[in-house]
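Listing of query26.cif, mmCIF, C-alpha atoms
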data_my_file
#
loop_
_atom_site.group_PDB
_atom_site.id
_atom_site.type_symbol
_atom_site.label_atom_id
_atom_site.label_comp_id
_atom_site.auth_asym_id
_atom_site.auth_seq_id
_atom_site.Cartn_x
_atom_site.Cartn_y
_atom_site.Cartn_z
ATOM 1 C CA MET A 980 4.313 1.502 22.259
ATOM 2 C CA ASN A 981 0.552 1.415 22.513
ATOM 3 C CA PRO A 982 -0.323 -2.331 22.503
ATOM 4 C CA GLU A 983 -3.889 -1.694 21.344
ATOM 5 C CA MET A 984 -2.639 0.273 18.363
ATOM 6 C CA THR A 985 -0.254 -2.521 17.434
ATOM 7 C CA ALA A 986 -2.988 -5.111 17.683
ATOM 8 C CA THR A 987 -5.238 -3.174 15.325
ATOM 9 C CA ALA A 988 -2.561 -1.994 12.907
ATOM 10 C CA THR A 989 -3.340 -4.740 10.393
ATOM 11 C CA ALA A 990 -6.543 -6.301 11.751
ATOM 12 C CA MET A 991 -9.069 -7.884 9.398
ATOM 13 C CA GLN A 992 -11.936 -10.242 10.165
ATOM 14 C CA ILE A 993 -13.478 -12.492 7.524
ATOM 15 C CA GLU A 994 -16.824 -14.313 7.692
ATOM 16 C CA ARG A 995 -17.910 -16.807 5.078
ATOM 17 C CA SER A 996 -21.452 -17.977 4.368
ATOM 18 C CA VAL A 997 -23.498 -19.403 1.488
ATOM 19 C CA LEU A 998 -26.690 -17.788 0.195
ATOM 20 C CA GLN A 999 -28.570 -19.121 -2.826
ATOM 21 C CA ASP A 1000 -25.551 -20.983 -4.179
ATOM 22 C CA ALA A 1001 -23.369 -17.905 -3.866
ATOM 23 C CA VAL A 1002 -20.486 -17.710 -1.463
ATOM 24 C CA VAL A 1003 -20.739 -14.514 0.548
ATOM 25 C CA ILE A 1004 -17.623 -13.184 2.215
ATOM 26 C CA ARG A 1005 -17.919 -10.358 4.682
ATOM 27 C CA ILE A 1006 -14.713 -8.498 5.456
ATOM 28 C CA GLU A 1007 -14.323 -6.132 8.380
ATOM 29 C CA GLY A 1008 -11.386 -3.895 9.220
ATOM 30 C CA ARG A 1009 -8.335 -3.305 7.083
ATOM 31 C CA PHE A 1010 -8.104 -4.960 3.665
ATOM 32 C CA GLU A 1011 -4.496 -4.245 2.721
ATOM 33 C CA PHE A 1012 -0.941 -5.469 2.239
ATOM 34 C CA GLY A 1013 -0.669 -6.663 5.828
ATOM 35 C CA THR A 1014 -3.843 -8.767 5.648
ATOM 36 C CA ARG A 1015 -3.560 -10.016 2.063
ATOM 37 C CA HIS A 1016 -2.585 -13.567 3.000
ATOM 38 C CA ASP A 1017 -5.872 -14.174 4.849
ATOM 39 C CA TYR A 1018 -7.838 -13.054 1.813
ATOM 40 C CA LYS A 1019 -5.700 -14.980 -0.671
ATOM 41 C CA ARG A 1020 -5.963 -18.141 1.393
ATOM 42 C CA LEU A 1021 -9.751 -17.951 1.548
ATOM 43 C CA ILE A 1022 -10.215 -17.116 -2.144
ATOM 44 C CA GLY A 1023 -7.848 -19.936 -3.114
ATOM 45 C CA GLN A 1024 -9.951 -22.314 -1.041
ATOM 46 C CA ILE A 1025 -13.217 -21.092 -2.594
ATOM 47 C CA VAL A 1026 -11.827 -21.440 -6.121
ATOM 48 C CA GLN A 1027 -10.486 -24.886 -5.333
ATOM 49 C CA GLU A 1028 -13.901 -25.971 -4.081
ATOM 50 C CA GLY A 1029 -15.325 -25.086 -7.477
ATOM 51 C CA HIS A 1030 -17.623 -22.238 -6.491
ATOM 52 C CA ARG A 1031 -18.542 -19.919 -9.358
ATOM 53 C CA ARG A 1032 -20.486 -17.179 -7.605
ATOM 54 C CA LEU A 1033 -18.816 -14.950 -5.070
ATOM 55 C CA VAL A 1034 -20.116 -11.840 -3.345
ATOM 56 C CA LEU A 1035 -17.698 -9.743 -1.325
ATOM 57 C CA ASP A 1036 -19.388 -7.601 1.297
ATOM 58 C CA LEU A 1037 -17.145 -4.607 1.981
ATOM 59 C CA GLU A 1038 -19.454 -2.638 4.256
ATOM 60 C CA GLY A 1039 -17.242 -3.217 7.277
ATOM 61 C CA VAL A 1040 -13.959 -2.415 5.542
ATOM 62 C CA THR A 1041 -12.305 0.730 6.875
ATOM 63 C CA PHE A 1042 -9.135 0.879 4.760
ATOM 64 C CA VAL A 1043 -8.040 -0.438 1.369
ATOM 65 C CA ASP A 1044 -4.736 -0.065 -0.420
ATOM 66 C CA SER A 1045 -3.169 -0.936 -3.753
ATOM 67 C CA SER A 1046 -2.671 -4.568 -2.705
ATOM 68 C CA ALA A 1047 -6.396 -4.913 -2.051
ATOM 69 C CA LEU A 1048 -7.261 -3.317 -5.397
ATOM 70 C CA GLY A 1049 -4.939 -5.773 -7.119
ATOM 71 C CA LEU A 1050 -6.456 -8.740 -5.300
ATOM 72 C CA LEU A 1051 -9.975 -7.661 -6.236
ATOM 73 C CA LEU A 1052 -8.956 -7.499 -9.895
ATOM 74 C CA LEU A 1053 -7.296 -10.920 -9.698
ATOM 75 C CA THR A 1054 -10.331 -12.430 -8.009
ATOM 76 C CA ASP A 1055 -12.565 -10.997 -10.705
ATOM 77 C CA GLN A 1056 -10.265 -12.384 -13.368
ATOM 78 C CA ASN A 1057 -10.309 -15.828 -11.768
ATOM 79 C CA PHE A 1058 -14.081 -15.967 -11.704
ATOM 80 C CA LYS A 1059 -14.436 -14.619 -15.249
ATOM 81 C CA LEU A 1060 -12.088 -17.301 -16.542
ATOM 82 C CA LYS A 1061 -14.368 -19.903 -14.960
ATOM 83 C CA LYS A 1062 -17.426 -18.131 -16.397
ATOM 84 C CA GLY A 1063 -18.423 -17.301 -12.868
ATOM 85 C CA HIS A 1064 -19.585 -14.135 -11.152
ATOM 86 C CA PHE A 1065 -17.786 -11.912 -8.682
ATOM 87 C CA SER A 1066 -19.253 -8.744 -7.268
ATOM 88 C CA LEU A 1067 -18.726 -6.239 -4.503
ATOM 89 C CA VAL A 1068 -21.302 -5.006 -2.024
ATOM 90 C CA LYS A 1069 -21.552 -1.700 -0.269
ATOM 91 C CA PRO A 1070 -18.083 -0.248 0.060
ATOM 92 C CA THR A 1071 -18.521 2.845 2.209
ATOM 93 C CA GLY A 1072 -16.803 6.131 2.974
ATOM 94 C CA TYR A 1073 -13.239 6.573 1.785
ATOM 95 C CA VAL A 1074 -13.032 2.914 0.789
ATOM 96 C CA ARG A 1075 -15.786 3.502 -1.751
ATOM 97 C CA GLN A 1076 -14.003 6.615 -2.981
ATOM 98 C CA VAL A 1077 -10.734 4.742 -3.504
ATOM 99 C CA ILE A 1078 -12.557 2.002 -5.390
ATOM 100 C CA GLU A 1079 -14.415 4.500 -7.570
ATOM 101 C CA LEU A 1080 -11.313 6.596 -8.163
ATOM 102 C CA ALA A 1081 -9.530 3.471 -9.365
ATOM 103 C CA ASN A 1082 -12.392 2.790 -11.798
ATOM 104 C CA LEU A 1083 -12.986 -0.672 -10.347
ATOM 105 C CA PRO A 1084 -16.770 -0.487 -10.871
ATOM 106 C CA ARG A 1085 -16.073 -0.460 -14.623
ATOM 107 C CA VAL A 1086 -14.616 -3.937 -14.215
ATOM 108 C CA ILE A 1087 -16.316 -5.418 -11.137
ATOM 109 C CA PRO A 1088 -20.034 -4.866 -10.443
ATOM 110 C CA VAL A 1089 -20.721 -2.993 -7.208
ATOM 111 C CA TYR A 1090 -24.128 -3.349 -5.530
ATOM 112 C CA ASP A 1091 -25.848 -1.783 -2.551
ATOM 113 C CA SER A 1092 -26.971 -5.075 -1.007
ATOM 114 C CA ILE A 1093 -26.133 -8.762 -1.021
ATOM 115 C CA GLY A 1094 -29.583 -9.515 -2.438
ATOM 116 C CA GLU A 1095 -28.997 -7.221 -5.401
ATOM 117 C CA ALA A 1096 -25.591 -8.770 -5.987
ATOM 118 C CA ILE A 1097 -26.992 -12.289 -6.051
ATOM 119 C CA ALA A 1098 -29.810 -11.196 -8.361
ATOM 120 C CA GLY A 1099 -27.180 -9.544 -10.564
ATOM 121 C CA HIS A 1100 -25.405 -12.875 -10.908
ATOM 122 C CA ALA A 1101 -28.393 -14.196 -12.816
ATOM 123 C CA GLU A 1102 -27.782 -11.640 -15.540
ATOM 124 C CA PRO A 1103 -25.268 -12.252 -18.341
ATOM 125 C CA ILE A 1104 -21.811 -10.870 -17.700
ATOM 126 C CA ALA A 1105 -21.576 -7.507 -19.404
ATOM 127 C CA LEU A 1106 -18.669 -6.796 -21.676
ATOM 128 C CA ARG A 1107 -16.132 -5.072 -19.521
ATOM 129 C CA THR A 1108 -12.591 -3.852 -19.823
ATOM 130 C CA PRO A 1109 -10.396 -6.846 -20.696
ATOM 131 C CA ILE A 1110 -7.543 -7.533 -18.333
ATOM 132 C CA SER A 1111 -4.385 -9.578 -18.516
ATOM 133 C CA SER A 1112 -4.819 -13.342 -18.752
ATOM 134 C CA SER A 1113 -2.374 -14.292 -16.016
ATOM 135 C CA VAL A 1114 -3.935 -15.257 -12.693
ATOM 136 C CA ALA A 1115 -1.762 -15.595 -9.645
ATOM 137 C CA ILE A 1116 -3.814 -15.317 -6.502
ATOM 138 C CA GLN A 1117 -2.184 -18.285 -4.833
ATOM 139 C CA MET B 1186 -8.896 19.154 6.299
ATOM 140 C CA THR B 1187 -9.322 20.584 9.781
ATOM 141 C CA ALA B 1188 -8.972 24.364 10.049
ATOM 142 C CA ALA B 1189 -5.305 25.253 9.883
ATOM 143 C CA SER B 1190 -5.408 27.234 13.111
ATOM 144 C CA SER B 1191 -6.342 24.141 15.132
ATOM 145 C CA ILE B 1192 -3.495 21.988 13.815
ATOM 146 C CA SER B 1193 -0.237 21.893 15.710
ATOM 147 C CA ASN B 1194 3.100 21.942 13.977
ATOM 148 C CA LEU B 1195 4.745 18.570 14.307
ATOM 149 C CA ARG B 1196 7.916 16.758 13.332
ATOM 150 C CA GLY B 1197 8.660 13.094 13.640
ATOM 151 C CA CYS B 1198 11.327 10.688 12.469
ATOM 152 C CA GLU B 1199 11.964 7.012 13.043
ATOM 153 C CA ASP B 1200 13.973 4.099 11.752
ATOM 154 C CA VAL B 1201 11.369 1.581 10.678
ATOM 155 C CA VAL B 1202 11.865 -2.101 11.368
ATOM 156 C CA PRO B 1203 12.028 -3.456 7.800
ATOM 157 C CA THR B 1204 9.317 -6.085 8.193
ATOM 158 C CA GLU B 1205 5.593 -6.163 7.452
ATOM 159 C CA ASP B 1206 4.820 -5.776 11.125
ATOM 160 C CA GLY B 1207 7.435 -3.040 11.426
ATOM 161 C CA ILE B 1208 5.955 -0.876 8.680
ATOM 162 C CA ALA B 1209 2.437 -1.407 10.053
ATOM 163 C CA ARG B 1210 3.555 -0.194 13.475
ATOM 164 C CA ALA B 1211 5.389 2.794 12.040
ATOM 165 C CA ARG B 1212 2.361 3.787 9.981
ATOM 166 C CA ALA B 1213 0.054 3.426 12.997
ATOM 167 C CA ARG B 1214 2.359 5.600 15.118
ATOM 168 C CA ALA B 1215 2.494 8.281 12.422
ATOM 169 C CA VAL B 1216 -1.298 8.293 12.059
ATOM 170 C CA GLU B 1217 -1.672 8.549 15.815
ATOM 171 C CA ALA B 1218 0.700 11.520 15.778
ATOM 172 C CA PHE B 1219 -1.244 13.189 12.945
ATOM 173 C CA GLU B 1220 -4.482 12.694 14.867
ATOM 174 C CA GLY B 1221 -2.870 14.136 17.963
ATOM 175 C CA ALA B 1222 -1.859 17.183 15.933
ATOM 176 C CA GLY B 1223 -5.480 17.754 14.945
ATOM 177 C CA LEU B 1224 -5.653 16.222 11.478
ATOM 178 C CA ASP B 1225 -8.796 14.298 10.632
ATOM 179 C CA GLY B 1226 -11.229 13.344 7.882
ATOM 180 C CA VAL B 1227 -10.063 13.085 4.320
ATOM 181 C CA ALA B 1228 -6.671 14.599 5.117
ATOM 182 C CA LEU B 1229 -5.935 11.941 7.715
ATOM 183 C CA PHE B 1230 -7.117 9.174 5.397
ATOM 184 C CA SER B 1231 -5.007 10.517 2.524
ATOM 185 C CA LEU B 1232 -1.910 10.807 4.702
ATOM 186 C CA GLU B 1233 -2.382 7.293 6.038
ATOM 187 C CA LEU B 1234 -2.830 5.863 2.552
ATOM 188 C CA CYS B 1235 0.214 7.682 1.167
ATOM 189 C CA ILE B 1236 2.481 6.781 4.072
ATOM 190 C CA HIS B 1237 1.291 3.173 3.918
ATOM 191 C CA GLU B 1238 1.933 2.844 0.176
ATOM 192 C CA ALA B 1239 5.366 4.458 0.452
ATOM 193 C CA LEU B 1240 6.378 2.135 3.292
ATOM 194 C CA VAL B 1241 5.111 -0.946 1.454
ATOM 195 C CA ASN B 1242 7.028 0.205 -1.624
ATOM 196 C CA ALA B 1243 10.196 0.574 0.443
ATOM 197 C CA LEU B 1244 9.761 -2.876 1.979
ATOM 198 C CA VAL B 1245 8.817 -4.767 -1.177
ATOM 199 C CA HIS B 1246 11.149 -3.052 -3.636
ATOM 200 C CA GLY B 1247 13.837 -1.506 -1.447
ATOM 201 C CA VAL B 1248 14.372 -4.269 1.109
ATOM 202 C CA ARG B 1249 13.243 -7.409 -0.689
ATOM 203 C CA LYS B 1250 14.357 -6.619 -4.229
ATOM 204 C CA CYS B 1251 17.152 -4.081 -3.933
ATOM 205 C CA GLY B 1252 18.904 -5.226 -0.761
ATOM 206 C CA ALA B 1253 18.026 -2.360 1.563
ATOM 207 C CA SER B 1254 18.455 -3.016 5.264
ATOM 208 C CA GLN B 1255 17.002 0.230 6.588
ATOM 209 C CA ILE B 1256 13.839 2.227 6.070
ATOM 210 C CA ARG B 1257 13.481 5.686 7.530
ATOM 211 C CA LEU B 1258 10.212 7.573 7.886
ATOM 212 C CA SER B 1259 10.003 11.264 8.674
ATOM 213 C CA TYR B 1260 7.130 13.708 8.610
ATOM 214 C CA GLU B 1261 6.546 17.361 9.228
ATOM 215 C CA ILE B 1262 3.425 19.473 9.534
ATOM 216 C CA GLU B 1263 4.098 23.014 8.388
ATOM 217 C CA SER B 1264 1.862 26.008 7.896
ATOM 218 C CA ARG B 1265 1.527 25.251 4.191
ATOM 219 C CA CYS B 1266 1.500 21.489 3.995
ATOM 220 C CA VAL B 1267 2.181 18.123 5.552
ATOM 221 C CA ARG B 1268 5.362 16.541 4.217
ATOM 222 C CA MET B 1269 6.348 12.895 4.532
ATOM 223 C CA VAL B 1270 9.616 11.316 3.483
ATOM 224 C CA VAL B 1271 10.243 7.587 3.172
ATOM 225 C CA GLU B 1272 13.702 6.433 2.246
ATOM 226 C CA ASP B 1273 15.677 3.226 2.231
ATOM 227 C CA ASP B 1274 19.288 2.331 1.628
ATOM 228 C CA GLY B 1275 18.675 -0.025 -1.281
ATOM 229 C CA ALA B 1276 19.765 0.332 -4.881
ATOM 230 C CA LYS B 1277 18.379 3.428 -6.523
ATOM 231 C CA GLY B 1278 15.218 3.090 -8.566
ATOM 232 C CA GLU B 1279 14.325 4.535 -11.902
ATOM 233 C CA LEU B 1280 11.747 7.229 -12.313
ATOM 234 C CA ARG B 1281 8.471 6.654 -14.032
ATOM 235 C CA ASN B 1282 4.869 7.731 -13.841
ATOM 236 C CA GLY B 1283 1.917 5.778 -12.565
ATOM 237 C CA SER B 1284 -1.427 5.712 -14.325
ATOM 238 C CA ARG B 1285 -4.843 4.151 -13.987
ATOM 239 C CA ASP B 1286 -3.682 1.551 -16.528
ATOM 240 C CA ASP B 1287 -1.199 0.355 -13.922
ATOM 241 C CA LEU B 1288 -4.122 -0.658 -11.740
ATOM 242 C CA GLN B 1289 -4.897 -3.462 -14.138
ATOM 243 C CA ALA B 1290 -1.398 -4.163 -15.357
ATOM 244 C CA GLY B 1291 -0.339 -5.263 -11.884
ATOM 245 C CA THR B 1292 2.403 -2.717 -11.266
ATOM 246 C CA GLY B 1293 2.471 0.836 -10.047
ATOM 247 C CA ARG B 1294 -0.821 0.746 -8.172
ATOM 248 C CA GLY B 1295 0.749 2.097 -5.004
ATOM 249 C CA LEU B 1296 2.452 4.896 -6.872
ATOM 250 C CA TRP B 1297 -0.790 5.798 -8.574
ATOM 251 C CA LEU B 1298 -2.641 5.977 -5.251
ATOM 252 C CA ILE B 1299 0.062 8.173 -3.712
ATOM 253 C CA GLN B 1300 -0.176 10.568 -6.620
ATOM 254 C CA ALA B 1301 -3.959 10.516 -6.464
ATOM 255 C CA PHE B 1302 -4.177 11.235 -2.737
ATOM 256 C CA SER B 1303 -1.358 13.741 -2.360
ATOM 257 C CA SER B 1304 -0.731 17.231 -3.668
ATOM 258 C CA ARG B 1305 2.768 16.423 -4.889
ATOM 259 C CA MET B 1306 5.314 13.631 -4.818
ATOM 260 C CA TRP B 1307 8.831 13.289 -6.111
ATOM 261 C CA SER B 1308 11.810 11.057 -5.591
ATOM 262 C CA GLU B 1309 15.556 11.267 -5.404
ATOM 263 C CA GLY B 1310 17.032 7.804 -5.631
ATOM 264 C CA SER B 1311 15.463 5.713 -2.912
ATOM 265 C CA ARG B 1312 13.987 8.720 -1.133
ATOM 266 C CA VAL B 1313 10.336 9.530 -1.805
ATOM 267 C CA THR B 1314 8.835 12.834 -0.667
ATOM 268 C CA ILE B 1315 5.077 13.284 -0.490
ATOM 269 C CA GLU B 1316 3.287 16.542 0.268
ATOM 270 C CA LEU B 1317 -0.352 17.213 1.041
ATOM 271 C CA ASP B 1318 -1.400 20.852 1.095
ATOM 272 C CA ARG B 1319 -3.283 21.746 4.240
ATOM 273 C CA ASN B 1320 -6.106 23.313 2.271
ATOM 274 C CA ALA B 1321 -6.331 20.416 -0.183
ATOM 275 C CA ASP B 1322 -9.169 17.947 -0.513
ATOM 276 C CA PRO B 1323 -7.684 15.208 -2.676
ATOM 277 C CA ILE B 1324 -10.915 13.305 -3.114
ATOM 278 C CA SER B 1325 -13.112 16.203 -4.161
ATOM 279 C CA ASN B 1326 -10.370 17.257 -6.564
ATOM 280 C CA SER B 1327 -10.174 13.771 -8.000
ATOM 281 C CA ASN B 1328 -11.192 14.962 -11.454
ATOM 282 C CA GLN B 1329 -7.810 16.663 -11.621
ATOM 283 C CA ILE B 1330 -5.986 13.556 -10.585
ATOM 284 C CA SER B 1331 -5.528 12.008 -13.999
ATOM 285 C CA THR B 1332 -3.844 15.223 -15.146
ATOM 286 C CA LYS B 1333 -1.689 15.311 -12.040
ATOM 287 C CA VAL B 1334 -0.735 11.653 -12.359
ATOM 288 C CA ASN B 1335 0.220 12.021 -15.997
ATOM 289 C CA ARG B 1336 2.338 15.049 -15.168
ATOM 290 C CA GLY B 1337 4.143 14.167 -11.979
ATOM 291 C CA PRO B 1338 7.322 12.173 -11.516
ATOM 292 C CA GLY B 1339 7.288 9.095 -9.346
ATOM 293 C CA VAL B 1340 9.426 6.155 -8.424
ATOM 294 C CA VAL B 1341 8.910 2.514 -9.104
ATOM 295 C CA ARG B 1342 11.855 0.247 -8.759
#
I'd like the structure from this file rewritten - as structure tokens, please.
Amino acid sequence: MNPEMTATATAMQIERSVLQDAVVIRIEGRFEFGTRHDYKRLIGQIVQEGHRRLVLDLEGVTFVDSSALGLLLLTDQNFKLKKGHFSLVKPTGYVRQVIELANLPRVIPVYDSIGEAIAGHAEPIALRTPISSSVAIQ
Amino acid sequence: MTAASSISNLRGCEDVVPTEDGIARARARAVEAFEGAGLDGVALFSLELCIHEALVNALVHGVRKCGASQIRLSYEIESRCVRMVVEDDGAKGELRNGSRDDLQAGTGRGLWLIQAFSSRMWSEGSRVTIELDRNADPISNSNQISTKVNRGPGVVR
């Protein structure tokens, strides 16, 4: 077996920072079933800390699957229940096409830059498609 | 998809270790084989996504919920299409369709993505077959996907 291939089969890197009271998470690599625990752990921590503004920078993400789509919807639901804001930034290539095909931008705002996303948080939350009330990220 | 003439015919089959790491390795090996056969671009992405979702489905529903102990992955590149089969030895599932609504309902997302990014899929018990036509461009044909998804059979245990 190719050891390099194994090492990168489910690799994801996450960076967290704060910008103008918003938590900014930058994900690189594969956002999928095999890396879901890293994401869930970090989001659980952010929610527990009481943050209400979250920007998820997807520019470095190379692969998303149904697990990732589900987690994005759950994260959005969590922040809406707390009257907070959650948005996505710059998904690219096939990742963007999966997200658009799944109609996620109808539910979660998608911006071209972190600055636009943070500015968008100042606007009232638009009426979007209602989703189930159960939240089970953790 | 890469011009058909530059793609080699290929067959592969393996017993997948029924763990998260095992399915990730099997998927990576299959993608490496597809690349080696000359597949690239949207076709390679679509195949990877479909094979990934089918393997996750087999692990989560076949192994963890229906008692399967084995997952088998096979694939074949033919002149007309690329065919992938994922099967497990768990209890047989019931047929249903996936839809965009499933994306928000919390179930069937994987099935929906497979249907969206393949030309055809069908199941017989715990065996799921997925085909991608070699001249297909699933993403540019995405406007047809809702029709295809509403029409096609699928499996969700």
For the structure provided, state which residues fall under the PyMOL selection byres ((chain B and resi 1305) around 8), and present them as a ChimeraX atom specification.
-> /B:1300,1303-1304,1306-1307,1315-1317,1337
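If only C-alpha atoms are the atoms counted, then among B:Glu1309, B:Glu1199, B:Glu1233, B:Glu1272 the closest residue to Ala1213 (chain B) is B:Glu1233.
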Taking all atoms listed in the file into account, which of A:Thr1071, A:Ser1066, A:Thr1041, A:Asn1057 comes nearest chain B?
->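 Nearest to chain B: A:Thr1041.
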Among the residues B:Ala1321, B:Leu1296, B:Leu1258, B:Cys1198, the one that comes closest to chain A [using only C-alpha atoms] |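 Of the candidates, the smallest distance to chain A is held by B:Leu1296.
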Could you tell me which residues the PyMOL selection byres ((chain B and resi 1232) around 9) returns for this structure, as a ChimeraX atom specification?
-> /B:1216,1219,1227-1231,1233-1237,1267,1269,1302-1303,1316-1317
Residues from last step as file, C-alpha atoms, as an mmCIF file, keeping the file's coordinate frame:
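So the final result, stored in result.cif, reads:
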data_model
loop_
_atom_site.group_PDB
_atom_site.id
_atom_site.type_symbol
_atom_site.label_atom_id
_atom_site.label_comp_id
_atom_site.auth_asym_id
_atom_site.auth_seq_id
_atom_site.Cartn_x
_atom_site.Cartn_y
_atom_site.Cartn_z
ATOM 1 C CA VAL B 1216 -1.298 8.293 12.059
ATOM 2 C CA PHE B 1219 -1.244 13.189 12.945
ATOM 3 C CA VAL B 1227 -10.063 13.085 4.320
ATOM 4 C CA ALA B 1228 -6.671 14.599 5.117
ATOM 5 C CA LEU B 1229 -5.935 11.941 7.715
ATOM 6 C CA PHE B 1230 -7.117 9.174 5.397
ATOM 7 C CA SER B 1231 -5.007 10.517 2.524
ATOM 8 C CA GLU B 1233 -2.382 7.293 6.038
ATOM 9 C CA LEU B 1234 -2.830 5.863 2.552
ATOM 10 C CA CYS B 1235 0.214 7.682 1.167
ATOM 11 C CA ILE B 1236 2.481 6.781 4.072
ATOM 12 C CA HIS B 1237 1.291 3.173 3.918
ATOM 13 C CA VAL B 1267 2.181 18.123 5.552
ATOM 14 C CA MET B 1269 6.348 12.895 4.532
ATOM 15 C CA PHE B 1302 -4.177 11.235 -2.737
ATOM 16 C CA SER B 1303 -1.358 13.741 -2.360
ATOM 17 C CA GLU B 1316 3.287 16.542 0.268
ATOM 18 C CA LEU B 1317 -0.352 17.213 1.041
#
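Going from CA of Ser1311 (chain B) over to CA of Asp1206 (chain B), you cover 21.0 Å.
Shortest separation to Ser1193 (chain B) among B:Arg1319, B:Arg1312, B:Arg1249, B:Arg1214 occurs at residue B:Arg1319, atoms counted being all atoms listed in the file.
Residue nearest chain A, chosen from B:Glu1205, B:Asp1200, B:Glu1220, B:Asp1318 and counting all atoms listed in the file: B:Glu1205.
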Enter the distance from CA of Ala1096 (chain A) to CA of Ser1045 (chain A), in Å, rounded to one decimal.
->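 Answer for the CA of Ala1096 (chain A) to CA of Ser1045 (chain A) separation: 23.9 Å.
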Once you count all atoms listed in the file, what closest atom pair and distance in Å to one decimal does each residue of region 1036-1065 of chain A within 7 Å of region 991-1014 of chain A have, with rows by chain and rising residue number, as a Markdown table?
| residue | atom | partner | partner_atom | distance |
| --- | --- | --- | --- | --- |
| A:Asp1036 | CA | A:Arg1005 | CA | 4.6 |
| A:Leu1037 | CA | A:Ile1006 | CA | 5.8 |
| A:Gly1039 | CA | A:Glu1007 | CA | 4.3 |
| A:Val1040 | CA | A:Glu1007 | CA | 4.7 |
| A:Thr1041 | CA | A:Gly1008 | CA | 5.3 |
| A:Phe1042 | CA | A:Arg1009 | CA | 4.9 |
| A:Val1043 | CA | A:Phe1010 | CA | 5.1 |
| A:Asp1044 | CA | A:Glu1011 | CA | 5.2 |
| A:Ser1046 | CA | A:Phe1012 | CA | 5.3 |
| A:Ala1047 | CA | A:Glu1011 | CA | 5.2 |
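Atom to atom, CA of Trp1297 (chain B) and CA of Val1245 (chain B) stand 16.1 Å apart.
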Contact residues around Gln1027 (chain A) with all atoms listed in the file at 12 Å, ignoring same-chain residues under 3 positions, as an NGL selection string = :A and (1019-1024 or 1030-1031 or 1057-1058 or 1061 or 1116-1117)
Take the residues just selected and output them with C-alpha atoms as a compact mmCIF listing (two decimals), keeping the file's coordinate frame.
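Now in again.txt:
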# COMPACT_ATOMS: atom_id res chain seq x y z
CA LYS A 1019 -5.70 -14.98 -0.67
CA ARG A 1020 -5.96 -18.14 1.39
CA LEU A 1021 -9.75 -17.95 1.55
CA ILE A 1022 -10.22 -17.12 -2.14
CA GLY A 1023 -7.85 -19.94 -3.11
CA GLN A 1024 -9.95 -22.31 -1.04
CA HIS A 1030 -17.62 -22.24 -6.49
CA ARG A 1031 -18.54 -19.92 -9.36
CA ASN A 1057 -10.31 -15.83 -11.77
CA PHE A 1058 -14.08 -15.97 -11.70
CA LYS A 1061 -14.37 -19.90 -14.96
CA ILE A 1116 -3.81 -15.32 -6.50
CA GLN A 1117 -2.18 -18.28 -4.83
Result set of the PyMOL selection byres ((chain B and resi 1247) around 8) on the coordinates above, as a count of residues only | 17
If I wrap all listed atoms of region 1077-1083 of chain A in a box with edges along x, y and z and add 8 Å on each side, what are its centre and edge lengths in Å to one decimal, as lines of an AutoDock Vina configuration file?
center_x = -12.0
center_y = 3.0
center_z = -7.7
size_x = 20.9
size_y = 23.3
size_z = 24.3
Out of A:Ile1025, A:Gly1049, A:Ile1078, A:Gly1094, which residue has the shortest atom-to-atom distance to chain B when counting only C-alpha atoms?
-> A:Gly1049
